[in-house]
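Note: the block below is protein36.tsv and it holds TSV, C-alpha atoms.
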chain	number	residue	atom	x	y	z
A	1	MET	CA	92.21	72.62	102.54
A	2	ASP	CA	94.46	70.87	99.99
A	3	VAL	CA	97.85	72.04	101.20
A	4	LYS	CA	99.84	70.83	98.19
A	5	ALA	CA	97.45	72.54	95.81
A	6	LEU	CA	97.64	75.72	97.92
A	7	GLU	CA	101.41	75.74	97.84
A	8	LYS	CA	101.44	75.13	94.08
A	9	ALA	CA	98.85	77.82	93.39
A	10	ILE	CA	100.66	80.44	95.47
A	11	ALA	CA	104.01	79.54	93.88
A	12	ARG	CA	102.45	80.15	90.47
A	13	VAL	CA	101.17	83.58	91.53
A	14	LEU	CA	104.56	84.55	92.96
A	15	LYS	CA	106.28	83.57	89.73
A	16	THR	CA	103.74	85.34	87.50
A	17	HIS	CA	103.91	88.57	89.49
A	18	ARG	CA	107.62	88.60	90.32
A	19	GLY	CA	108.14	92.04	88.79
A	20	THR	CA	105.28	93.58	90.76
A	21	LEU	CA	106.59	92.01	93.97
A	22	PHE	CA	110.01	93.49	93.32
A	23	TYR	CA	108.40	96.89	92.84
A	24	LEU	CA	106.41	96.50	96.05
A	25	ALA	CA	109.49	95.48	97.98
A	26	SER	CA	111.10	98.86	97.35
A	27	ARG	CA	108.00	101.07	97.12
A	28	GLN	CA	105.57	99.80	99.75
A	29	SER	CA	106.57	102.62	102.11
A	30	HIS	CA	106.13	105.21	99.38
A	31	LEU	CA	102.61	104.01	98.65
A	32	LEU	CA	101.84	104.38	102.35
A	33	GLU	CA	103.31	107.91	102.33
A	34	LEU	CA	101.01	108.74	99.43
A	35	GLY	CA	98.19	107.32	101.52
A	36	ALA	CA	99.24	109.45	104.50
A	37	THR	CA	99.33	112.62	102.38
A	38	VAL	CA	95.89	111.91	100.97
A	39	GLY	CA	94.55	110.98	104.40
A	40	VAL	CA	95.63	114.38	105.72
A	41	MET	CA	93.83	115.97	102.75
A	42	MET	CA	90.74	113.92	103.60
A	43	HIS	CA	90.91	115.13	107.21
A	44	TYR	CA	91.04	118.78	106.23
A	45	ARG	CA	88.16	118.33	103.80
A	46	ALA	CA	86.15	116.54	106.50
A	47	VAL	CA	86.57	119.46	108.93
A	48	GLY	CA	85.37	121.98	106.38
A	49	PHE	CA	88.45	123.12	104.52
A	50	THR	CA	88.39	123.48	100.76
A	51	VAL	CA	91.18	121.32	99.41
A	52	LYS	CA	92.94	122.33	96.21
A	53	VAL	CA	95.88	120.57	94.61
A	54	GLN	CA	98.65	122.69	93.16
A	55	ASN	CA	100.94	120.69	90.90
A	56	PRO	CA	104.45	121.78	90.03
A	57	ARG	CA	104.77	124.30	87.24
A	58	GLY	CA	104.42	122.71	83.83
A	59	ARG	CA	103.18	119.36	85.12
A	60	ALA	CA	99.68	117.99	85.09
A	61	SER	CA	100.33	115.28	87.64
A	62	PHE	CA	100.10	115.01	91.43
A	63	ARG	CA	103.75	114.44	92.23
A	64	VAL	CA	104.63	112.99	95.63
A	65	LYS	CA	108.08	113.57	97.10
A	66	ILE	CA	109.39	110.24	98.35
A	67	SER	CA	112.76	111.12	99.81
A	68	THR	CA	114.64	113.86	101.62
A	69	ARG	CA	116.17	115.00	98.34
A	70	GLY	CA	114.58	117.41	95.93
A	71	HIS	CA	113.09	120.88	96.12
A	72	PRO	CA	109.46	121.12	97.28
A	73	CYS	CA	108.55	123.31	94.31
A	74	ASP	CA	109.18	120.33	92.03
A	75	TYR	CA	106.40	118.42	93.83
A	76	SER	CA	102.73	118.95	94.40
A	77	ARG	CA	101.32	120.83	97.36
A	78	VAL	CA	97.78	120.99	98.65
A	79	ILE	CA	96.22	124.31	99.63
A	80	CYS	CA	93.55	123.95	102.32
A	81	SER	CA	91.40	126.98	103.11
A	82	ARG	CA	88.57	127.61	105.53
A	83	GLU	CA	87.22	131.14	105.90
A	84	ARG	CA	90.37	133.19	106.34
A	85	GLU	CA	92.60	130.35	107.40
A	86	VAL	CA	94.94	128.75	104.87
A	87	VAL	CA	97.45	125.92	105.32
A	88	GLU	CA	99.49	123.85	102.92
A	89	ILE	CA	100.21	120.12	102.88
A	90	HIS	CA	103.61	118.92	101.65
A	91	SER	CA	105.23	115.50	101.42
A	92	ASN	CA	108.66	114.62	102.78
A	93	LEU	CA	109.33	118.13	104.05
A	94	LEU	CA	112.57	119.21	105.72
A	95	VAL	CA	111.96	121.15	108.93
A	96	ARG	CA	114.08	122.38	111.83
A	97	GLY	CA	113.59	120.70	115.15
A	98	ALA	CA	112.12	122.53	118.11
A	99	HIS	CA	115.23	122.40	120.29
A	100	GLY	CA	118.06	123.54	118.05
A	101	SER	CA	119.29	123.50	114.49
A	102	GLY	CA	118.72	119.81	113.82
A	103	VAL	CA	116.86	119.03	110.62
A	104	TYR	CA	114.13	116.41	110.30
A	105	CYS	CA	112.18	115.16	107.31
A	106	VAL	CA	108.50	114.68	108.10
A	107	ASP	CA	106.53	112.36	105.82
A	108	VAL	CA	103.63	114.81	105.66
A	109	GLY	CA	103.99	118.42	106.82
A	110	VAL	CA	101.15	120.88	107.34
A	111	VAL	CA	102.52	124.42	107.25
A	112	ARG	CA	101.43	128.03	107.19
A	113	GLU	CA	100.50	129.40	103.79
A	114	GLY	CA	103.34	130.63	101.61
A	115	VAL	CA	106.29	129.52	103.77
A	116	VAL	CA	107.42	126.86	101.31
A	117	PRO	CA	108.67	128.58	98.14
A	118	SER	CA	106.85	127.73	94.95
A	119	GLN	CA	109.80	128.85	92.88
A	120	LYS	CA	113.43	127.96	93.19
A	121	THR	CA	115.67	130.81	94.29
A	122	SER	CA	118.55	128.39	94.72
A	123	THR	CA	119.03	124.67	94.01
A	124	ARG	CA	118.89	123.85	97.66
A	125	PHE	CA	115.77	124.12	99.81
A	126	GLU	CA	116.48	125.57	103.23
A	127	PRO	CA	114.71	123.56	105.93
A	128	LEU	CA	111.60	125.23	107.21
A	129	PRO	CA	111.84	127.08	110.51
A	130	ASN	CA	110.10	125.06	113.21
A	131	GLU	CA	107.52	127.76	113.96
A	132	ASP	CA	106.17	127.48	110.39
A	133	LEU	CA	105.17	123.84	110.90
A	134	LYS	CA	101.64	123.44	112.24
A	135	THR	CA	101.56	119.66	112.47
A	136	PHE	CA	102.80	116.54	110.73
A	137	ALA	CA	102.20	112.86	110.07
A	138	GLU	CA	104.64	109.96	109.99
A	139	ALA	CA	103.94	106.75	108.06
A	140	LYS	CA	105.25	103.32	109.06
A	141	LYS	CA	104.40	100.07	107.24
A	142	LEU	CA	104.49	98.27	110.55
A	143	VAL	CA	102.24	96.87	113.20
A	144	VAL	CA	101.84	99.36	116.06
A	145	TYR	CA	103.98	98.01	118.89
A	146	PRO	CA	105.11	99.67	122.14
A	147	MET	CA	108.59	100.72	121.04
A	148	LEU	CA	107.18	102.27	117.86
A	149	LEU	CA	104.87	104.36	120.03
A	150	ALA	CA	107.79	105.40	122.23
A	151	GLN	CA	109.79	106.35	119.13
A	152	PHE	CA	106.87	108.42	117.84
A	153	ILE	CA	106.68	110.28	121.14
A	154	GLY	CA	110.37	111.03	120.70
A	155	ILE	CA	109.70	112.40	117.22
A	156	VAL	CA	106.87	114.61	118.53
A	157	HIS	CA	109.14	115.77	121.39
A	158	GLU	CA	111.85	116.81	118.95
A	159	ILE	CA	109.64	118.49	116.38
A	160	THR	CA	106.40	119.71	118.00
A	161	PRO	CA	106.84	119.29	121.78
A	162	SER	CA	103.90	121.54	122.69
A	163	PHE	CA	101.56	118.65	121.79
A	164	LEU	CA	103.02	116.71	124.74
A	165	ARG	CA	102.35	119.49	127.23
A	166	ARG	CA	98.80	120.63	126.67
A	167	LYS	CA	95.82	120.10	124.39
A	168	ASP	CA	95.23	122.86	121.88
A	169	PRO	CA	91.49	123.31	121.23
A	170	LEU	CA	92.21	124.25	117.61
A	171	PHE	CA	93.43	120.70	116.99
A	172	GLY	CA	91.31	117.57	117.03
A	173	GLU	CA	88.32	115.95	115.45
A	174	ARG	CA	86.83	119.21	114.12
A	175	GLY	CA	90.05	121.13	113.66
A	176	HIS	CA	93.64	120.78	112.63
A	177	LEU	CA	95.14	117.33	112.68
A	178	PRO	CA	97.37	116.71	115.72
A	179	PRO	CA	100.74	115.00	115.07
A	180	SER	CA	99.78	111.57	113.76
A	181	LEU	CA	101.34	108.17	113.29
A	182	VAL	CA	100.00	106.28	110.28
A	183	ALA	CA	100.57	102.52	110.50
A	184	LEU	CA	99.49	99.67	108.26
A	185	GLY	CA	99.16	97.14	111.04
A	186	ASN	CA	96.97	96.74	114.09
A	187	LEU	CA	97.75	97.46	117.75
A	188	SER	CA	99.90	94.72	119.25
A	189	GLY	CA	101.02	93.90	122.75
A	190	THR	CA	100.10	96.60	125.25
A	191	SER	CA	99.84	99.34	122.60
A	192	ALA	CA	96.18	100.06	123.29
A	193	GLU	CA	96.93	100.65	126.99
A	194	ILE	CA	99.89	102.85	126.11
A	195	ILE	CA	97.74	104.98	123.81
A	196	ASP	CA	95.08	105.33	126.53
A	197	GLY	CA	97.91	106.46	128.79
A	198	PHE	CA	98.99	109.11	126.28
A	199	ASN	CA	95.49	110.52	126.43
A	200	ARG	CA	95.41	110.54	130.24
A	201	ARG	CA	98.80	112.27	130.31
A	202	GLY	CA	97.48	115.07	128.13
A	203	PHE	CA	99.35	114.23	124.90
A	204	GLN	CA	97.58	115.48	121.83
A	205	LEU	CA	98.31	113.13	118.96
A	206	LYS	CA	96.68	110.41	116.86
A	207	ILE	CA	97.72	106.84	116.27
A	208	ALA	CA	96.03	105.70	113.05
A	209	SER	CA	96.51	101.93	112.99
A	210	ASP	CA	95.07	99.66	110.25
A	211	TYR	CA	95.41	102.68	108.01
A	212	ASP	CA	94.45	100.94	104.76
A	213	ILE	CA	91.15	99.96	106.37
A	214	ARG	CA	90.62	103.54	107.57
A	215	LEU	CA	91.11	104.88	104.06
A	216	ALA	CA	88.61	102.37	102.72
A	217	ARG	CA	86.04	103.34	105.36
A	218	VAL	CA	86.13	107.05	104.62
A	219	ARG	CA	86.44	106.67	100.88
A	220	LYS	CA	82.74	107.04	100.28
A	221	ASP	CA	82.03	109.52	103.05
A	222	SER	CA	83.71	112.89	102.68
A	223	SER	CA	82.42	113.99	106.08
A	224	GLN	CA	84.75	111.58	107.86
A	225	SER	CA	88.43	111.83	108.59
A	226	PRO	CA	90.51	108.61	108.46
A	227	PHE	CA	92.10	109.80	111.70
A	228	PHE	CA	88.82	110.16	113.63
A	229	LEU	CA	86.44	107.32	112.94
A	230	GLY	CA	84.31	107.53	116.02
A	231	ASP	CA	84.98	103.99	117.25
A	232	GLU	CA	88.55	104.38	118.44
A	233	ALA	CA	87.68	102.97	121.89
A	234	ALA	CA	86.21	99.81	120.41
A	235	SER	CA	89.06	99.27	117.97
A	236	SER	CA	91.69	99.70	120.66
A	237	ALA	CA	90.36	96.75	122.66
A	238	VAL	CA	92.01	93.93	120.72
A	239	PRO	CA	91.82	90.47	122.21
A	240	ARG	CA	95.25	88.91	122.57
A	241	ALA	CA	94.51	86.10	120.17
A	242	GLY	CA	93.62	88.63	117.54
A	243	VAL	CA	96.57	90.94	117.83
A	244	LEU	CA	98.56	89.09	115.18
B	1	MET	CA	103.44	72.25	106.03
B	2	SER	CA	106.16	73.99	107.94
B	3	TYR	CA	108.20	77.12	108.29
B	4	ALA	CA	110.82	75.48	106.04
B	5	ARG	CA	108.24	75.00	103.31
B	6	LEU	CA	107.30	78.68	103.63
B	7	VAL	CA	110.97	79.58	103.18
B	8	ALA	CA	111.12	77.38	100.07
B	9	LEU	CA	107.91	78.90	98.68
B	10	LEU	CA	109.30	82.40	99.02
B	11	ASP	CA	112.63	81.59	97.39
B	12	GLY	CA	113.01	84.02	94.51
B	13	THR	CA	110.76	86.69	96.01
B	14	PRO	CA	112.48	89.96	96.93
B	15	TRP	CA	114.23	90.01	100.27
B	16	ALA	CA	112.08	92.80	101.75
B	17	ILE	CA	108.86	90.87	101.15
B	18	ARG	CA	110.39	87.54	102.20
B	19	ASP	CA	111.73	89.05	105.40
B	20	GLN	CA	108.38	90.61	106.36
B	21	VAL	CA	106.54	87.33	105.74
B	22	LEU	CA	109.05	85.10	107.52
B	23	SER	CA	109.47	87.45	110.49
B	24	TYR	CA	105.72	87.51	110.91
B	25	ALA	CA	105.49	83.71	110.61
B	26	ARG	CA	108.15	83.32	113.31
B	27	THR	CA	106.26	85.69	115.61
B	28	VAL	CA	103.09	83.67	115.10
B	29	ARG	CA	104.98	80.41	115.64
B	30	ASP	CA	106.21	81.70	119.01
B	31	ALA	CA	102.77	82.93	120.07
B	32	LEU	CA	100.64	80.02	118.87
B	33	PRO	CA	101.11	77.62	121.79
B	34	ALA	CA	99.78	80.28	124.19
B	35	ILE	CA	96.96	81.30	121.84
B	36	LEU	CA	95.83	77.70	121.34
B	37	SER	CA	96.13	76.93	125.05
B	38	GLU	CA	94.02	79.96	125.98
B	39	ALA	CA	91.41	78.89	123.44
B	40	GLU	CA	91.56	75.29	124.72
B	41	LEU	CA	92.49	73.99	121.29
B	42	PRO	CA	94.95	71.16	120.61
B	43	ALA	CA	98.53	72.20	119.88
B	44	ARG	CA	99.66	69.19	117.86
B	45	ASP	CA	102.92	69.87	116.02
B	46	GLU	CA	101.50	69.24	112.56
B	47	PHE	CA	98.56	71.57	113.21
B	48	VAL	CA	100.79	74.33	114.59
B	49	GLU	CA	103.07	73.97	111.55
B	50	SER	CA	100.10	74.34	109.21
B	51	LEU	CA	98.99	77.48	111.06
B	52	VAL	CA	102.49	78.93	110.72
B	53	PHE	CA	102.36	78.34	106.96
B	54	VAL	CA	98.92	79.95	106.76
B	55	ALA	CA	100.22	82.89	108.85
B	56	GLY	CA	102.90	83.47	106.24
B	57	LEU	CA	100.29	83.49	103.49
B	58	ARG	CA	98.21	85.90	105.55
B	59	LYS	CA	101.11	88.34	105.76
B	60	LEU	CA	101.86	87.99	102.06
B	61	TYR	CA	98.21	88.60	101.17
B	62	GLY	CA	98.09	91.52	103.60
B	63	ILE	CA	101.09	93.22	101.97
B	64	CYS	CA	99.64	92.85	98.47
B	65	SER	CA	96.06	93.68	99.39
B	66	SER	CA	96.85	96.72	101.55
B	67	SER	CA	99.16	98.16	98.88
B	68	TYR	CA	96.52	97.81	96.20
B	69	TRP	CA	93.68	99.22	98.30
B	70	THR	CA	95.80	102.12	99.56
B	71	LEU	CA	96.63	103.07	95.99
B	72	SER	CA	93.06	102.53	94.82
B	73	ASN	CA	91.47	104.64	97.54
B	74	THR	CA	94.02	107.44	97.35
B	75	THR	CA	93.90	107.77	93.57
B	76	ALA	CA	90.10	107.74	93.66
B	77	PHE	CA	90.14	110.66	96.12
B	78	LEU	CA	92.76	112.52	94.07
B	79	SER	CA	90.62	112.25	90.96
B	80	GLU	CA	87.73	113.78	92.96
B	81	VAL	CA	89.86	116.83	93.72
B	82	ASP	CA	91.08	117.06	90.11
B	83	ALA	CA	94.67	116.32	91.00
B	84	GLY	CA	95.56	115.01	87.54
B	85	SER	CA	97.60	111.89	87.09
B	86	VAL	CA	99.62	110.58	90.05
B	87	GLU	CA	103.38	110.12	90.27
B	88	VAL	CA	105.12	108.37	93.13
B	89	GLY	CA	108.79	109.05	92.56
B	90	ALA	CA	109.36	108.45	88.88
B	91	THR	CA	106.52	105.93	88.60
B	92	ASP	CA	103.12	106.65	87.15
B	93	ALA	CA	100.70	105.47	89.83
B	94	SER	CA	97.48	106.71	88.23
B	95	ARG	CA	94.39	104.52	88.00
B	96	ASP	CA	95.12	103.76	84.34
B	97	SER	CA	98.81	103.00	84.96
B	98	ALA	CA	100.62	99.70	84.58
B	99	LEU	CA	101.44	99.80	88.29
B	100	PHE	CA	97.78	100.08	89.31
B	101	ARG	CA	96.81	97.28	86.93
B	102	ASN	CA	99.64	95.03	88.10
B	103	LEU	CA	98.83	95.52	91.79
B	104	ARG	CA	95.18	94.75	91.09
B	105	LEU	CA	96.07	91.60	89.13
B	106	LEU	CA	98.43	90.43	91.88
B	107	ARG	CA	95.73	90.84	94.53
B	108	GLU	CA	93.11	89.16	92.35
B	109	ASP	CA	95.36	86.24	91.44
B	110	LEU	CA	96.28	85.68	95.08
B	111	GLU	CA	92.61	85.73	96.05
B	112	ARG	CA	91.74	83.29	93.27
B	113	ALA	CA	94.52	80.93	94.38
B	114	LEU	CA	93.32	81.09	97.98
B	115	ILE	CA	89.65	80.57	97.09
B	116	ALA	CA	90.45	77.71	94.69
B	117	THR	CA	92.23	75.89	97.50
B	118	ASP	CA	89.44	76.55	100.00
B	119	LEU	CA	91.26	79.22	102.03
B	120	GLN	CA	89.01	82.21	101.49
B	121	PRO	CA	90.56	85.62	102.26
B	122	GLU	CA	87.94	86.30	104.94
B	123	VAL	CA	88.98	83.07	106.69
B	124	LEU	CA	92.66	83.84	106.19
B	125	MET	CA	92.31	87.23	107.92
B	126	MET	CA	90.39	85.95	110.98
B	127	ASN	CA	92.09	86.13	114.36
B	128	TYR	CA	94.09	83.01	115.08
B	129	THR	CA	91.63	81.46	117.50
B	130	SER	CA	88.83	81.62	114.93
B	131	LEU	CA	91.14	80.54	112.10
B	132	ALA	CA	92.34	77.56	114.12
B	133	ARG	CA	88.75	76.52	114.88
B	134	VAL	CA	87.82	76.73	111.17
B	135	LEU	CA	90.82	74.68	110.08
B	136	LEU	CA	90.27	72.12	112.84
B	137	GLY	CA	86.63	71.87	111.85
B	138	ARG	CA	87.61	71.17	108.27
B	139	GLN	CA	90.06	68.49	109.36
B	140	GLY	CA	87.33	66.75	111.27
B	141	ALA	CA	84.79	67.06	108.45
Give the structure from the file, written as structure tokens.
Amino acid sequence: MDVKALEKAIARVLKTHRGTLFYLASRQSHLLELGATVGVMMHYRAVGFTVKVQNPRGRASFRVKISTRGHPCDYSRVICSREREVVEIHSNLLVRGAHGSGVYCVDVGVVREGVVPSQKTSTRFEPLPNEDLKTFAEAKKLVVYPMLLAQFIGIVHEITPSFLRRKDPLFGERGHLPPSLVALGNLSGTSAEIIDGFNRRGFQLKIASDYDIRLARVRKDSSQSPFFLGDEAASSAVPRAGVL
Amino acid sequence: MSYARLVALLDGTPWAIRDQVLSYARTVRDALPAILSEAELPARDEFVESLVFVAGLRKLYGICSSSYWTLSNTTAFLSEVDAGSVEVGATDASRDSALFRNLRLLREDLERALIATDLQPEVLMMNYTSLARVLLGRQGA
């Protein structure tokens, strides 16, 4: 390895692609949120739902909401239907918490059909009542580390606490997606043990680490969900030297 | 090769990228003595410094590669479900967009630079024990 040549070559790439790097610096999270939205779509297709994109009126593009601001009807939604069951997928959706009137913005919200207006009746979107939210996903461009897992449990506790009390048979590998954490990085520290503990304690949720790799794996196989890859036990056993 | 040289290399890159890369390199720097000891590999200062530099490149490559592949795989799926073009915020992120092309070029150029200097991406992304063994082997060759 010629270290001087390596340094010079990388410096050249950084200079050439400065503009793209500046874009990435501010939009990396948004790309992951797009990935989370599409991953949820992939899950519902994998479990037998028909997935149909509904773009905002007058627009021919799939428009992802990337902040708390804006009315959902100005962004795309995805209608998922299976027999008589219909749900919708929305990005960056404002919902009420489960314990009071607090309002949270979930990166990906799966809701009952028709509860999010498709036309504006006022400029402001009223946060969705908590009971209309079926499940959600949160995206973090981070390695999965213990405190992140604890924070995610807090989010689930505030928004959909029933998933911490009992396992609903309608959610899981062949059903609705449980509350899920989407993370770009691998499991670090004692994260794998913590996740095993969540399972033993009866929490119903998914931790989708190495998410870009998951998307790549299911890309060519529409029968698979990026959240359930069938080798979760193997991937959670990360040797310490490899956790970085 | 050192952390300081990594800092110098990243001068001019946006803060958010620089911070991710340097934070990661510092984490690796702190963990390397234990990793190398467990693997019964020498922890000479110069070698550890070179691994820290390579760790920074690994993080940089990871950011660029994962962003490209996430966009590539999601837009491919969206075209299967006839979603139309793709907008992320105000940016066109479709497969024929400038953004898609620029992310692909960035990833490709990084890979070319790594391969040309004998640090193949598949070596770069090995766990640190394996990476250290490969680099040590090359030093001895």
Exercise. Dump as a VMD selection string the residues of chain A that approach chain B to within 7 Å, counting all atoms listed in the file.
Key: chain A and resid 1 to 2 5 to 6 9 to 11 13 17 to 18 20 to 22 25 28 31 35 38 52 to 53 60 to 66 212 215 to 216 219 241 to 242
Quiz prompt | Close residues, A:Leu149 itself excluded, 10 Å, only C-alpha atoms, min 4 positions apart in chain, as a VMD selection string | solution = chain A and resid 144 to 145 153 to 155 181 191 194 to 195 198 207
Would you export the selected residues with C-alpha atoms as an mmCIF file, in the frame of the given file, please?
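Printed below is selection.cif as written:
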data_model
loop_
_atom_site.group_PDB
_atom_site.id
_atom_site.type_symbol
_atom_site.label_atom_id
_atom_site.label_comp_id
_atom_site.auth_asym_id
_atom_site.auth_seq_id
_atom_site.Cartn_x
_atom_site.Cartn_y
_atom_site.Cartn_z
ATOM 1 C CA VAL A 144 101.840 99.360 116.060
ATOM 2 C CA TYR A 145 103.980 98.010 118.890
ATOM 3 C CA ILE A 153 106.680 110.280 121.140
ATOM 4 C CA GLY A 154 110.370 111.030 120.700
ATOM 5 C CA ILE A 155 109.700 112.400 117.220
ATOM 6 C CA LEU A 181 101.340 108.170 113.290
ATOM 7 C CA SER A 191 99.840 99.340 122.600
ATOM 8 C CA ILE A 194 99.890 102.850 126.110
ATOM 9 C CA ILE A 195 97.740 104.980 123.810
ATOM 10 C CA PHE A 198 98.990 109.110 126.280
ATOM 11 C CA ILE A 207 97.720 106.840 116.270
#
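Note that the spacing between atom CA of A:Pro226 and atom CA of A:Thr68 amounts to 25.6 Å.
Excluding A:Ala98 itself and any same-chain residue fewer than 6 positions from it, the protein and nucleic acid residues within 6 Å of it, counting only C-alpha atoms, are A:Asn130, A:Glu158, A:Ile159.
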Quiz prompt | Shell of 7 Å around stretch 173-177 of chain A, only C-alpha atoms, local chain residues under 3 positions omitted, as an MDAnalysis selection string | solution = chainID A and resid 47 135 170 228
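Straight-line separation from atom CA of A:Leu93 to atom CA of A:Glu113: 14.3 Å.
For the residues A:Leu205, A:Ala139, A:Val108, A:Val78, ranking by smallest atom-to-atom distance to A:Arg165 using all atoms listed in the file places A:Leu205 first.
Distance annotation: of A:Arg214, A:Lys140, A:Arg124, A:Arg45, the residue with the minimal separation from A:His71 is A:Arg124; atom set is all atoms listed in the file.
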Practice problem: Skip A:Lys141 itself and residues of its chain fewer than 3 positions away, then list as a ChimeraX atom specification all residues within 8 Å of it, counting all atoms listed in the file. | Solution: /A:28-29,32,183-185
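Note that the spacing between atom CA of A:Ile89 and atom CA of A:Met41 amounts to 7.6 Å.
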Exercise. Would you mind listing what lies within 8 Å of A:Gln224 as a ChimeraX atom specification, with only C-alpha atoms counted and same-chain residues fewer than 4 positions away left out?
Key: /A:42-43,46,218,228-229
